[in-house]
file target_35.cif (mmCIF, C-alpha atoms)
data_final
loop_
_atom_site.group_PDB
_atom_site.id
_atom_site.type_symbol
_atom_site.label_atom_id
_atom_site.label_comp_id
_atom_site.auth_asym_id
_atom_site.auth_seq_id
_atom_site.Cartn_x
_atom_site.Cartn_y
_atom_site.Cartn_z
ATOM 1 C CA MET A 1 0.049 -16.362 -12.289
ATOM 2 C CA TYR A 2 -3.247 -15.202 -10.828
ATOM 3 C CA GLU A 3 -3.626 -18.143 -8.457
ATOM 4 C CA ALA A 4 -0.174 -17.513 -7.032
ATOM 5 C CA VAL A 5 -0.984 -13.951 -5.936
ATOM 6 C CA ALA A 6 -4.773 -13.981 -5.376
ATOM 7 C CA PRO A 7 -4.602 -15.013 -1.664
ATOM 8 C CA SER A 8 -2.314 -12.013 -1.038
ATOM 9 C CA ILE A 9 -4.615 -9.378 -2.574
ATOM 10 C CA VAL A 10 -6.490 -6.986 -0.282
ATOM 11 C CA ILE A 11 -9.175 -4.376 -0.877
ATOM 12 C CA VAL A 12 -8.040 -1.001 0.458
ATOM 13 C CA GLU A 13 -10.700 1.559 1.372
ATOM 14 C CA ARG A 14 -10.204 5.167 2.434
ATOM 15 C CA LEU A 15 -12.973 6.151 4.819
ATOM 16 C CA ALA A 16 -14.596 9.521 5.418
ATOM 17 C CA ALA A 17 -16.881 10.511 8.311
ATOM 18 C CA GLY A 18 -19.275 7.804 9.419
ATOM 19 C CA GLU A 19 -17.207 5.105 7.726
ATOM 20 C CA ARG A 20 -18.401 6.278 4.335
ATOM 21 C CA VAL A 21 -16.088 4.906 1.635
ATOM 22 C CA ALA A 22 -14.362 7.874 0.003
ATOM 23 C CA GLY A 23 -12.000 5.895 -2.220
ATOM 24 C CA THR A 24 -10.941 2.361 -3.025
ATOM 25 C CA GLY A 25 -7.847 0.654 -4.302
ATOM 26 C CA THR A 26 -5.840 -2.501 -3.989
ATOM 27 C CA GLY A 27 -2.992 -3.714 -1.816
ATOM 28 C CA VAL A 28 -0.769 -6.757 -1.609
ATOM 29 C CA VAL A 29 0.518 -8.533 1.494
ATOM 30 C CA ALA A 30 4.281 -8.186 1.175
ATOM 31 C CA SER A 31 5.612 -9.875 4.311
ATOM 32 C CA ASP A 32 4.821 -12.622 6.797
ATOM 33 C CA THR A 33 4.251 -9.925 9.435
ATOM 34 C CA GLY A 34 1.340 -8.529 7.444
ATOM 35 C CA VAL A 35 2.877 -5.427 5.873
ATOM 36 C CA ILE A 36 0.650 -4.355 2.979
ATOM 37 C CA LEU A 37 1.986 -2.335 0.061
ATOM 38 C CA THR A 38 -0.345 -0.002 -1.814
ATOM 39 C CA ALA A 39 -0.308 3.304 -3.663
ATOM 40 C CA LEU A 40 -0.011 6.286 -1.346
ATOM 41 C CA HIS A 41 -2.706 8.253 -3.182
ATOM 42 C CA VAL A 42 -5.223 5.525 -2.320
ATOM 43 C CA VAL A 43 -4.841 6.052 1.438
ATOM 44 C CA ASN A 44 -4.089 9.784 1.696
ATOM 45 C CA GLY A 45 -6.571 11.880 3.643
ATOM 46 C CA GLY A 46 -8.648 9.509 5.715
ATOM 47 C CA GLU A 47 -8.902 6.428 7.883
ATOM 48 C CA VAL A 48 -8.046 3.166 6.170
ATOM 49 C CA ARG A 49 -9.763 -0.220 6.173
ATOM 50 C CA VAL A 50 -8.552 -3.358 4.436
ATOM 51 C CA THR A 51 -10.341 -6.569 3.502
ATOM 52 C CA PHE A 52 -8.230 -9.691 3.061
ATOM 53 C CA ALA A 53 -8.893 -12.418 0.509
ATOM 54 C CA ASP A 54 -10.739 -14.544 3.096
ATOM 55 C CA GLY A 55 -13.086 -11.676 3.971
ATOM 56 C CA THR A 56 -11.327 -10.595 7.179
ATOM 57 C CA ARG A 57 -11.675 -6.836 7.687
ATOM 58 C CA SER A 58 -9.341 -4.689 9.723
ATOM 59 C CA ALA A 59 -8.496 -1.089 10.385
ATOM 60 C CA ALA A 60 -5.099 -0.140 9.005
ATOM 61 C CA THR A 61 -2.611 2.682 9.440
ATOM 62 C CA VAL A 62 0.110 4.036 7.181
ATOM 63 C CA GLU A 63 3.284 2.655 8.758
ATOM 64 C CA ALA A 64 5.630 4.240 6.206
ATOM 65 C CA SER A 65 5.273 6.246 3.026
ATOM 66 C CA ASP A 66 7.365 7.209 0.026
ATOM 67 C CA PRO A 67 5.678 10.188 -1.666
ATOM 68 C CA ALA A 68 8.344 10.375 -4.382
ATOM 69 C CA ASN A 69 7.224 6.948 -5.600
ATOM 70 C CA ASP A 70 3.555 7.073 -4.493
ATOM 71 C CA ILE A 71 4.011 4.061 -2.217
ATOM 72 C CA ALA A 72 2.599 3.378 1.258
ATOM 73 C CA ALA A 73 3.193 0.487 3.646
ATOM 74 C CA LEU A 74 0.191 -0.340 5.826
ATOM 75 C CA ALA A 75 0.062 -2.026 9.227
ATOM 76 C CA VAL A 76 -3.215 -3.671 10.229
ATOM 77 C CA ALA A 77 -4.886 -3.960 13.618
ATOM 78 C CA SER A 78 -5.783 -7.623 13.138
ATOM 79 C CA LEU A 79 -4.596 -10.320 10.761
ATOM 80 C CA PRO A 80 -6.624 -13.143 9.175
ATOM 81 C CA PRO A 81 -6.235 -16.674 10.604
ATOM 82 C CA VAL A 82 -4.107 -17.636 7.605
ATOM 83 C CA LEU A 83 -1.875 -14.940 6.163
ATOM 84 C CA VAL A 84 -0.474 -15.515 2.665
ATOM 85 C CA PRO A 85 2.282 -13.060 1.704
ATOM 86 C CA ALA A 86 3.062 -12.586 -1.961
ATOM 87 C CA THR A 87 6.248 -14.013 -3.409
ATOM 88 C CA ILE A 88 8.548 -11.100 -4.187
ATOM 89 C CA GLY A 89 10.406 -11.130 -7.492
ATOM 90 C CA ASN A 90 13.267 -9.110 -8.923
ATOM 91 C CA SER A 91 12.105 -6.338 -11.223
ATOM 92 C CA GLY A 92 15.715 -5.747 -12.270
ATOM 93 C CA ARG A 93 15.457 -8.861 -14.453
ATOM 94 C CA LEU A 94 12.531 -7.554 -16.507
ATOM 95 C CA ALA A 95 12.810 -6.997 -20.240
ATOM 96 C CA VAL A 96 10.477 -5.323 -22.708
ATOM 97 C CA GLY A 97 8.062 -7.945 -24.033
ATOM 98 C CA ASP A 98 7.975 -10.029 -20.836
ATOM 99 C CA PRO A 99 4.433 -11.260 -20.027
ATOM 100 C CA VAL A 100 2.820 -9.744 -16.922
ATOM 101 C CA VAL A 101 -0.513 -9.867 -15.115
ATOM 102 C CA ALA A 102 -2.023 -6.993 -13.134
ATOM 103 C CA VAL A 103 -4.407 -7.943 -10.324
ATOM 104 C CA GLY A 104 -6.633 -5.380 -8.676
ATOM 105 C CA ASN A 105 -10.069 -4.186 -7.680
ATOM 106 C CA GLN A 106 -10.686 -2.096 -10.760
ATOM 107 C CA LEU A 107 -14.019 -0.297 -11.062
ATOM 108 C CA GLY A 108 -15.278 -2.199 -8.024
ATOM 109 C CA MET A 109 -14.728 -5.634 -9.567
ATOM 110 C CA THR A 110 -12.585 -7.322 -6.939
ATOM 111 C CA SER A 111 -9.487 -9.357 -7.735
ATOM 112 C CA SER A 112 -9.712 -8.786 -11.479
ATOM 113 C CA ALA A 113 -6.766 -10.125 -13.486
ATOM 114 C CA THR A 114 -5.646 -8.631 -16.779
ATOM 115 C CA ALA A 115 -2.756 -9.808 -18.939
ATOM 116 C CA GLY A 116 -0.226 -7.973 -21.084
ATOM 117 C CA VAL A 117 3.464 -7.372 -21.543
ATOM 118 C CA VAL A 118 6.126 -5.027 -20.275
ATOM 119 C CA SER A 119 5.998 -2.139 -22.758
ATOM 120 C CA GLY A 120 8.913 -0.099 -21.448
ATOM 121 C CA LEU A 121 11.309 0.368 -18.543
ATOM 122 C CA ASP A 122 12.551 3.376 -16.594
ATOM 123 C CA ARG A 123 9.555 5.464 -17.646
ATOM 124 C CA ALA A 124 8.316 8.731 -16.126
ATOM 125 C CA ALA A 125 4.667 9.607 -15.527
ATOM 126 C CA ALA A 126 2.456 12.021 -13.638
ATOM 127 C CA GLY A 127 1.142 10.751 -10.334
ATOM 128 C CA ASP A 128 -2.481 11.013 -9.217
ATOM 129 C CA ASP A 129 -1.727 14.323 -7.461
ATOM 130 C CA GLY A 130 0.240 15.737 -10.398
ATOM 131 C CA SER A 131 3.632 14.807 -8.970
ATOM 132 C CA LYS A 132 6.269 13.367 -11.290
ATOM 133 C CA LEU A 133 7.140 9.693 -10.866
ATOM 134 C CA ALA A 134 10.256 8.165 -12.414
ATOM 135 C CA GLY A 135 11.871 4.755 -12.890
ATOM 136 C CA LEU A 136 8.539 3.097 -13.655
ATOM 137 C CA ILE A 137 7.631 -0.126 -15.436
ATOM 138 C CA GLN A 138 5.302 0.574 -18.378
ATOM 139 C CA PHE A 139 2.860 -2.229 -19.218
ATOM 140 C CA ASP A 140 -0.270 -2.802 -21.292
ATOM 141 C CA ALA A 141 -2.346 -5.062 -19.013
ATOM 142 C CA ALA A 142 -5.592 -3.157 -18.427
ATOM 143 C CA VAL A 143 -5.860 -1.131 -15.220
ATOM 144 C CA ASN A 144 -8.556 1.325 -14.173
ATOM 145 C CA PRO A 145 -9.629 3.269 -11.075
ATOM 146 C CA GLY A 146 -9.426 0.827 -8.155
ATOM 147 C CA SER A 147 -6.366 -0.940 -9.597
ATOM 148 C CA SER A 148 -3.928 1.420 -7.866
ATOM 149 C CA GLY A 149 -1.778 -0.340 -5.295
ATOM 150 C CA GLY A 150 -2.237 -3.773 -6.826
ATOM 151 C CA PRO A 151 0.610 -6.067 -7.848
ATOM 152 C CA LEU A 152 2.152 -6.517 -11.264
ATOM 153 C CA VAL A 153 3.079 -10.193 -11.491
ATOM 154 C CA ASN A 154 5.527 -12.136 -13.671
ATOM 155 C CA THR A 155 5.064 -15.605 -15.177
ATOM 156 C CA ARG A 156 6.363 -17.231 -11.966
ATOM 157 C CA GLY A 157 3.628 -15.570 -9.936
ATOM 158 C CA GLU A 158 6.119 -13.201 -8.312
ATOM 159 C CA THR A 159 5.189 -9.598 -7.553
ATOM 160 C CA ILE A 160 7.556 -7.382 -9.518
ATOM 161 C CA GLY A 161 5.763 -4.025 -9.277
ATOM 162 C CA ILE A 162 3.041 -1.980 -7.593
ATOM 163 C CA VAL A 163 0.547 -0.312 -9.943
ATOM 164 C CA VAL A 164 0.426 3.458 -9.400
ATOM 165 C CA ALA A 165 -0.738 5.229 -12.561
ATOM 166 C CA LEU A 166 -2.158 5.072 -16.052
ATOM 167 C CA ALA A 167 -1.810 7.411 -19.007
ATOM 168 C CA ASN A 168 -4.839 8.933 -20.692
ATOM 169 C CA PRO A 169 -4.699 12.174 -22.695
ATOM 170 C CA THR A 170 -8.370 12.844 -21.890
ATOM 171 C CA ARG A 171 -9.948 13.602 -18.519
ATOM 172 C CA ALA A 172 -11.711 10.230 -18.428
ATOM 173 C CA GLY A 173 -9.156 8.566 -16.145
ATOM 174 C CA THR A 174 -9.656 5.187 -17.812
ATOM 175 C CA PHE A 175 -7.237 2.799 -19.481
ATOM 176 C CA ILE A 176 -6.144 3.291 -23.076
ATOM 177 C CA GLY A 177 -3.209 0.888 -23.145
ATOM 178 C CA ILE A 178 -0.523 2.437 -20.936
ATOM 179 C CA GLY A 179 -0.139 1.604 -17.251
ATOM 180 C CA PHE A 180 2.729 2.204 -14.854
ATOM 181 C CA ALA A 181 4.084 0.334 -11.836
ATOM 182 C CA VAL A 182 6.788 1.124 -9.320
ATOM 183 C CA PRO A 183 9.434 -1.644 -9.390
ATOM 184 C CA ILE A 184 9.016 -3.849 -6.333
ATOM 185 C CA GLY A 185 12.555 -3.181 -5.102
ATOM 186 C CA THR A 186 11.826 0.543 -5.048
ATOM 187 C CA ALA A 187 8.471 -0.052 -3.347
ATOM 188 C CA LEU A 188 10.207 -2.066 -0.638
ATOM 189 C CA GLY A 189 12.915 0.545 -0.183
ATOM 190 C CA GLY A 190 15.741 -1.600 -1.533
ATOM 191 C CA GLY A 191 16.305 -0.047 -4.964
ATOM 192 C CA PRO A 192 14.755 -0.697 -8.385
ATOM 193 C CA GLY A 193 16.115 -4.206 -8.921
ATOM 194 C CA SER A 194 16.245 -5.438 -5.365
ATOM 195 C CA ASP A 195 14.437 -8.573 -4.272
ATOM 196 C CA ASP A 196 14.970 -7.877 -0.573
ATOM 197 C CA GLY A 197 12.096 -8.064 1.867
ATOM 198 C CA PRO A 198 10.182 -5.054 3.186
ATOM 199 C CA GLN A 199 12.413 -2.391 4.664
ATOM 200 C CA ARG A 200 9.615 -0.765 6.629
#

call {"tool": "encode", "arguments": {"input": "target_35.cif", "output": "structure tokens"}}
result
Amino acid sequence: MYEAVAPSIVIVERLAAGERVAGTGTGVVASDTGVILTALHVVNGGEVRVTFADGTRSAATVEASDPANDIAALAVASLPPVLVPATIGNSGRLAVGDPVVAVGNQLGMTSSATAGVVSGLDRAAAGDDGSKLAGLIQFDAAVNPGSSGGPLVNTRGETIGIVVALANPTRAGTFIGIGFAVPIGTALGGGPGSDDGPQR
């Protein structure tokens, strides 16, 4: 599952003045044209830089955004010599108990994979900015700061969600067993169960 998606994972950095890194997250290459999906809160409020799996760095811009679902689509200035888009699955086929893997750059540890199961479907949660998100996949694979924007992957190595939030009743902002992802169809603009390509 990890090997299938690892070449499609990117580090997403939000830059402040002087190219100082003000925030980090994860993204996933979602098309053969280089569209990168990530969480909107990762890239809000600054210039964006991405680093591909082969080490290629590029400036990026927000090509499209969906604030209601905390999703952004990034376009990059330059692509790596070999671009590997993720295989897109159909989140409409998910069931509670299905195994999943979350891949992301949590707590600065790049391309970390954690395993779990789908814990619930059509959940609601508070977004990073306090907004209310709905229609989410709940899962228990560990995610932490830096995981946002990364893919949730099924047993076939297909991306079926984009990680956007975690639940923690304290102010710690760390994982206690409940994570949330936007279904990939919603992230692509095709509806919760769609397996269409990027609509951006």

call {"tool": "resolve_selection", "arguments": {"input": "target_35.cif", "expression": "the PyMOL selection byres ((chain A and resi 108) around 9)", "output": "NGL selection string"}}
result
:A and (24-25 or 105-107 or 109-110 or 145-146)

call {"tool": "atom_distance", "arguments": {"input": "target_35.cif", "atom1": "CA of Phe180 in chain A", "atom2": "CA of Gln138 in chain A"}}
result
4.7 Å

call {"tool": "resolve_selection", "arguments": {"input": "target_35.cif", "expression": "the PyMOL selection byres ((chain A and resi 162-178) around 8)", "output": "PyMOL selection string"}}
result
chain A and resi 37-39+70+102+125-128+138-145+147-152+159-161+179-184+187

call {"tool": "closest_residue", "arguments": {"input": "target_35.cif", "among": "A:Ala124, A:Val48, A:Ala16, A:Ala6", "to": "Val28 in chain A", "atoms": "all atoms listed in the file"}}
result
A:Ala6

call {"tool": "residues_around", "arguments": {"input": "target_35.cif", "residues": "Ala75 in chain A", "least_positions_apart": "5", "cutoff": "8 Å", "atoms": "all atoms listed in the file", "output": "PyMOL selection string"}}
result
chain A and resi 34-36+60-63

call {"tool": "resolve_selection", "arguments": {"input": "target_35.cif", "expression": "the PyMOL selection byres ((chain A and resi 51) around 12)", "output": "PyMOL selection string"}}
result
chain A and resi 7-14+24-29+36+48-50+52-60+76-80+105+110-111

call {"tool": "closest_residue", "arguments": {"input": "target_35.cif", "among": "A:Ala22, A:Val5, A:Val101, A:Leu40", "to": "Ala68 in chain A", "atoms": "only C-alpha atoms"}}
result
A:Leu40

call {"tool": "atom_distance", "arguments": {"input": "target_35.cif", "atom1": "CA of Thr114 in chain A", "atom2": "CA of Arg156 in chain A"}}
result
15.5 Å

call {"tool": "atom_distance", "arguments": {"input": "target_35.cif", "atom1": "CA of Gly157 in chain A", "atom2": "CA of Pro99 in chain A"}}
result
11.0 Å

call {"tool": "residues_around", "arguments": {"input": "target_35.cif", "residues": "range 119-123 of chain A", "least_positions_apart": "6", "cutoff": "6 Å", "atoms": "all atoms listed in the file", "output": "list of chain:residue names"}}
result
A:Val96, A:Ala134, A:Gly135, A:Leu136, A:Ile137, A:Gln138, A:Phe139

call {"tool": "closest_residue", "arguments": {"input": "target_35.cif", "among": "A:Ala95, A:Val84, A:Val103, A:Val43", "to": "Ala72 in chain A", "atoms": "all atoms listed in the file"}}
result
A:Val43

call {"tool": "closest_residue", "arguments": {"input": "target_35.cif", "among": "A:Ser112, A:Ser65, A:Ser131, A:Thr186", "to": "Ser91 in chain A", "atoms": "only C-alpha atoms"}}
result
A:Thr186

call {"tool": "closest_residue", "arguments": {"input": "target_35.cif", "among": "A:Thr155, A:Gly92, A:Val82, A:Gly104", "to": "Val117 in chain A", "atoms": "all atoms listed in the file"}}
result
A:Thr155

call {"tool": "decode", "arguments": {"input": "target_35.cif", "residues": "range 15-58 of chain A", "atoms": "N, CA and C atoms", "output": "PDB file, in the first residue's frame"}}
result
ATOM      1  N   LEU A  15       5.590  29.382   3.004  1.00  0.00           N
ATOM      2  CA  LEU A  15       6.757  30.211   3.275  1.00  0.00           C
ATOM      3  C   LEU A  15       6.352  31.605   3.731  1.00  0.00           C
ATOM      4  N   ALA A  16       7.101  32.134   4.674  1.00  0.00           N
ATOM      5  CA  ALA A  16       6.949  33.519   5.110  1.00  0.00           C
ATOM      6  C   ALA A  16       8.080  34.337   4.484  1.00  0.00           C
ATOM      7  N   ALA A  17       8.286  35.555   4.957  1.00  0.00           N
ATOM      8  CA  ALA A  17       9.320  36.426   4.404  1.00  0.00           C
ATOM      9  C   ALA A  17      10.682  35.755   4.491  1.00  0.00           C
ATOM     10  N   GLY A  18      11.476  35.955   3.425  1.00  0.00           N
ATOM     11  CA  GLY A  18      12.818  35.394   3.407  1.00  0.00           C
ATOM     12  C   GLY A  18      12.853  33.895   3.256  1.00  0.00           C
ATOM     13  N   GLU A  19      11.789  33.332   2.717  1.00  0.00           N
ATOM     14  CA  GLU A  19      11.663  31.889   2.511  1.00  0.00           C
ATOM     15  C   GLU A  19      11.726  31.102   3.804  1.00  0.00           C
ATOM     16  N   ARG A  20      11.397  31.756   4.902  1.00  0.00           N
ATOM     17  CA  ARG A  20      11.295  31.042   6.178  1.00  0.00           C
ATOM     18  C   ARG A  20      10.075  30.142   6.135  1.00  0.00           C
ATOM     19  N   VAL A  21      10.223  28.887   6.566  1.00  0.00           N
ATOM     20  CA  VAL A  21       9.109  27.942   6.548  1.00  0.00           C
ATOM     21  C   VAL A  21       8.170  28.258   7.706  1.00  0.00           C
ATOM     22  N   ALA A  22       6.930  28.626   7.355  1.00  0.00           N
ATOM     23  CA  ALA A  22       5.943  28.996   8.370  1.00  0.00           C
ATOM     24  C   ALA A  22       4.998  27.850   8.685  1.00  0.00           C
ATOM     25  N   GLY A  23       4.967  26.835   7.845  1.00  0.00           N
ATOM     26  CA  GLY A  23       4.094  25.690   8.074  1.00  0.00           C
ATOM     27  C   GLY A  23       4.383  24.598   7.075  1.00  0.00           C
ATOM     28  N   THR A  24       4.159  23.364   7.471  1.00  0.00           N
ATOM     29  CA  THR A  24       4.404  22.237   6.576  1.00  0.00           C
ATOM     30  C   THR A  24       3.219  21.293   6.573  1.00  0.00           C
ATOM     31  N   GLY A  25       3.101  20.576   5.493  1.00  0.00           N
ATOM     32  CA  GLY A  25       2.064  19.565   5.352  1.00  0.00           C
ATOM     33  C   GLY A  25       2.463  18.594   4.267  1.00  0.00           C
ATOM     34  N   THR A  26       1.480  17.940   3.732  1.00  0.00           N
ATOM     35  CA  THR A  26       1.698  16.890   2.746  1.00  0.00           C
ATOM     36  C   THR A  26       0.783  17.151   1.554  1.00  0.00           C
ATOM     37  N   GLY A  27       1.171  16.643   0.407  1.00  0.00           N
ATOM     38  CA  GLY A  27       0.312  16.680  -0.766  1.00  0.00           C
ATOM     39  C   GLY A  27       0.485  15.397  -1.539  1.00  0.00           C
ATOM     40  N   VAL A  28      -0.404  15.185  -2.504  1.00  0.00           N
ATOM     41  CA  VAL A  28      -0.316  13.991  -3.339  1.00  0.00           C
ATOM     42  C   VAL A  28      -0.559  14.395  -4.789  1.00  0.00           C
ATOM     43  N   VAL A  29       0.305  13.907  -5.673  1.00  0.00           N
ATOM     44  CA  VAL A  29       0.141  14.176  -7.107  1.00  0.00           C
ATOM     45  C   VAL A  29      -1.078  13.418  -7.596  1.00  0.00           C
ATOM     46  N   ALA A  30      -2.067  14.162  -8.113  1.00  0.00           N
ATOM     47  CA  ALA A  30      -3.363  13.558  -8.420  1.00  0.00           C
ATOM     48  C   ALA A  30      -3.650  13.453  -9.908  1.00  0.00           C
ATOM     49  N   SER A  31      -2.731  13.919 -10.750  1.00  0.00           N
ATOM     50  CA  SER A  31      -2.972  13.823 -12.194  1.00  0.00           C
ATOM     51  C   SER A  31      -1.653  13.778 -12.935  1.00  0.00           C
ATOM     52  N   ASP A  32      -1.702  13.345 -14.197  1.00  0.00           N
ATOM     53  CA  ASP A  32      -0.477  13.270 -14.991  1.00  0.00           C
ATOM     54  C   ASP A  32      -0.028  14.636 -15.486  1.00  0.00           C
ATOM     55  N   THR A  33      -0.796  15.690 -15.187  1.00  0.00           N
ATOM     56  CA  THR A  33      -0.368  17.050 -15.498  1.00  0.00           C
ATOM     57  C   THR A  33       0.294  17.717 -14.302  1.00  0.00           C
ATOM     58  N   GLY A  34       0.344  17.015 -13.175  1.00  0.00           N
ATOM     59  CA  GLY A  34       1.048  17.522 -12.011  1.00  0.00           C
ATOM     60  C   GLY A  34       0.197  18.247 -10.992  1.00  0.00           C
ATOM     61  N   VAL A  35      -1.134  18.158 -11.102  1.00  0.00           N
ATOM     62  CA  VAL A  35      -1.991  18.754 -10.088  1.00  0.00           C
ATOM     63  C   VAL A  35      -1.743  18.054  -8.754  1.00  0.00           C
ATOM     64  N   ILE A  36      -1.525  18.836  -7.715  1.00  0.00           N
ATOM     65  CA  ILE A  36      -1.284  18.312  -6.376  1.00  0.00           C
ATOM     66  C   ILE A  36      -2.466  18.674  -5.488  1.00  0.00           C
ATOM     67  N   LEU A  37      -3.024  17.686  -4.815  1.00  0.00           N
ATOM     68  CA  LEU A  37      -4.073  17.938  -3.832  1.00  0.00           C
ATOM     69  C   LEU A  37      -3.455  18.032  -2.448  1.00  0.00           C
ATOM     70  N   THR A  38      -3.951  18.968  -1.651  1.00  0.00           N
ATOM     71  CA  THR A  38      -3.514  19.108  -0.267  1.00  0.00           C
ATOM     72  C   THR A  38      -4.652  19.729   0.528  1.00  0.00           C
ATOM     73  N   ALA A  39      -4.422  19.936   1.813  1.00  0.00           N
ATOM     74  CA  ALA A  39      -5.409  20.616   2.646  1.00  0.00           C
ATOM     75  C   ALA A  39      -5.225  22.123   2.492  1.00  0.00           C
ATOM     76  N   LEU A  40      -6.329  22.830   2.340  1.00  0.00           N
ATOM     77  CA  LEU A  40      -6.259  24.270   2.119  1.00  0.00           C
ATOM     78  C   LEU A  40      -5.581  24.988   3.286  1.00  0.00           C
ATOM     79  N   HIS A  41      -5.821  24.526   4.522  1.00  0.00           N
ATOM     80  CA  HIS A  41      -5.223  25.243   5.652  1.00  0.00           C
ATOM     81  C   HIS A  41      -3.696  25.162   5.668  1.00  0.00           C
ATOM     82  N   VAL A  42      -3.139  24.192   4.962  1.00  0.00           N
ATOM     83  CA  VAL A  42      -1.678  24.073   4.888  1.00  0.00           C
ATOM     84  C   VAL A  42      -1.072  25.217   4.080  1.00  0.00           C
ATOM     85  N   VAL A  43      -1.775  25.669   3.051  1.00  0.00           N
ATOM     86  CA  VAL A  43      -1.200  26.625   2.094  1.00  0.00           C
ATOM     87  C   VAL A  43      -1.790  28.027   2.205  1.00  0.00           C
ATOM     88  N   ASN A  44      -2.715  28.252   3.114  1.00  0.00           N
ATOM     89  CA  ASN A  44      -3.316  29.574   3.272  1.00  0.00           C
ATOM     90  C   ASN A  44      -2.327  30.565   3.878  1.00  0.00           C
ATOM     91  N   GLY A  45      -2.204  31.739   3.249  1.00  0.00           N
ATOM     92  CA  GLY A  45      -1.486  32.832   3.887  1.00  0.00           C
ATOM     93  C   GLY A  45      -0.008  32.932   3.602  1.00  0.00           C
ATOM     94  N   GLY A  46       0.444  32.426   2.482  1.00  0.00           N
ATOM     95  CA  GLY A  46       1.860  32.572   2.165  1.00  0.00           C
ATOM     96  C   GLY A  46       2.204  31.955   0.824  1.00  0.00           C
ATOM     97  N   GLU A  47       3.453  32.143   0.414  1.00  0.00           N
ATOM     98  CA  GLU A  47       3.938  31.469  -0.788  1.00  0.00           C
ATOM     99  C   GLU A  47       4.096  29.986  -0.487  1.00  0.00           C
ATOM    100  N   VAL A  48       4.065  29.188  -1.545  1.00  0.00           N
ATOM    101  CA  VAL A  48       4.065  27.734  -1.376  1.00  0.00           C
ATOM    102  C   VAL A  48       5.236  27.124  -2.139  1.00  0.00           C
ATOM    103  N   ARG A  49       5.892  26.162  -1.506  1.00  0.00           N
ATOM    104  CA  ARG A  49       6.950  25.392  -2.154  1.00  0.00           C
ATOM    105  C   ARG A  49       6.671  23.916  -1.933  1.00  0.00           C
ATOM    106  N   VAL A  50       6.899  23.119  -2.963  1.00  0.00           N
ATOM    107  CA  VAL A  50       6.710  21.674  -2.828  1.00  0.00           C
ATOM    108  C   VAL A  50       8.012  20.957  -3.145  1.00  0.00           C
ATOM    109  N   THR A  51       8.190  19.800  -2.505  1.00  0.00           N
ATOM    110  CA  THR A  51       9.330  18.932  -2.778  1.00  0.00           C
ATOM    111  C   THR A  51       8.794  17.565  -3.143  1.00  0.00           C
ATOM    112  N   PHE A  52       9.118  17.116  -4.358  1.00  0.00           N
ATOM    113  CA  PHE A  52       8.655  15.821  -4.843  1.00  0.00           C
ATOM    114  C   PHE A  52       9.479  14.690  -4.234  1.00  0.00           C
ATOM    115  N   ALA A  53       9.015  13.468  -4.457  1.00  0.00           N
ATOM    116  CA  ALA A  53       9.654  12.299  -3.853  1.00  0.00           C
ATOM    117  C   ALA A  53      11.109  12.141  -4.278  1.00  0.00           C
ATOM    118  N   ASP A  54      11.460  12.627  -5.488  1.00  0.00           N
ATOM    119  CA  ASP A  54      12.840  12.491  -5.959  1.00  0.00           C
ATOM    120  C   ASP A  54      13.728  13.648  -5.510  1.00  0.00           C
ATOM    121  N   GLY A  55      13.179  14.565  -4.723  1.00  0.00           N
ATOM    122  CA  GLY A  55      13.943  15.702  -4.234  1.00  0.00           C
ATOM    123  C   GLY A  55      13.762  16.980  -5.029  1.00  0.00           C
ATOM    124  N   THR A  56      13.096  16.910  -6.175  1.00  0.00           N
ATOM    125  CA  THR A  56      12.845  18.109  -6.982  1.00  0.00           C
ATOM    126  C   THR A  56      12.015  19.116  -6.201  1.00  0.00           C
ATOM    127  N   ARG A  57      12.483  20.358  -6.156  1.00  0.00           N
ATOM    128  CA  ARG A  57      11.742  21.431  -5.480  1.00  0.00           C
ATOM    129  C   ARG A  57      11.168  22.386  -6.511  1.00  0.00           C
ATOM    130  N   SER A  58      10.011  22.933  -6.189  1.00  0.00           N
ATOM    131  CA  SER A  58       9.386  23.882  -7.107  1.00  0.00           C
ATOM    132  C   SER A  58       8.476  24.825  -6.339  1.00  0.00           C
TER     133      SER A  58
END
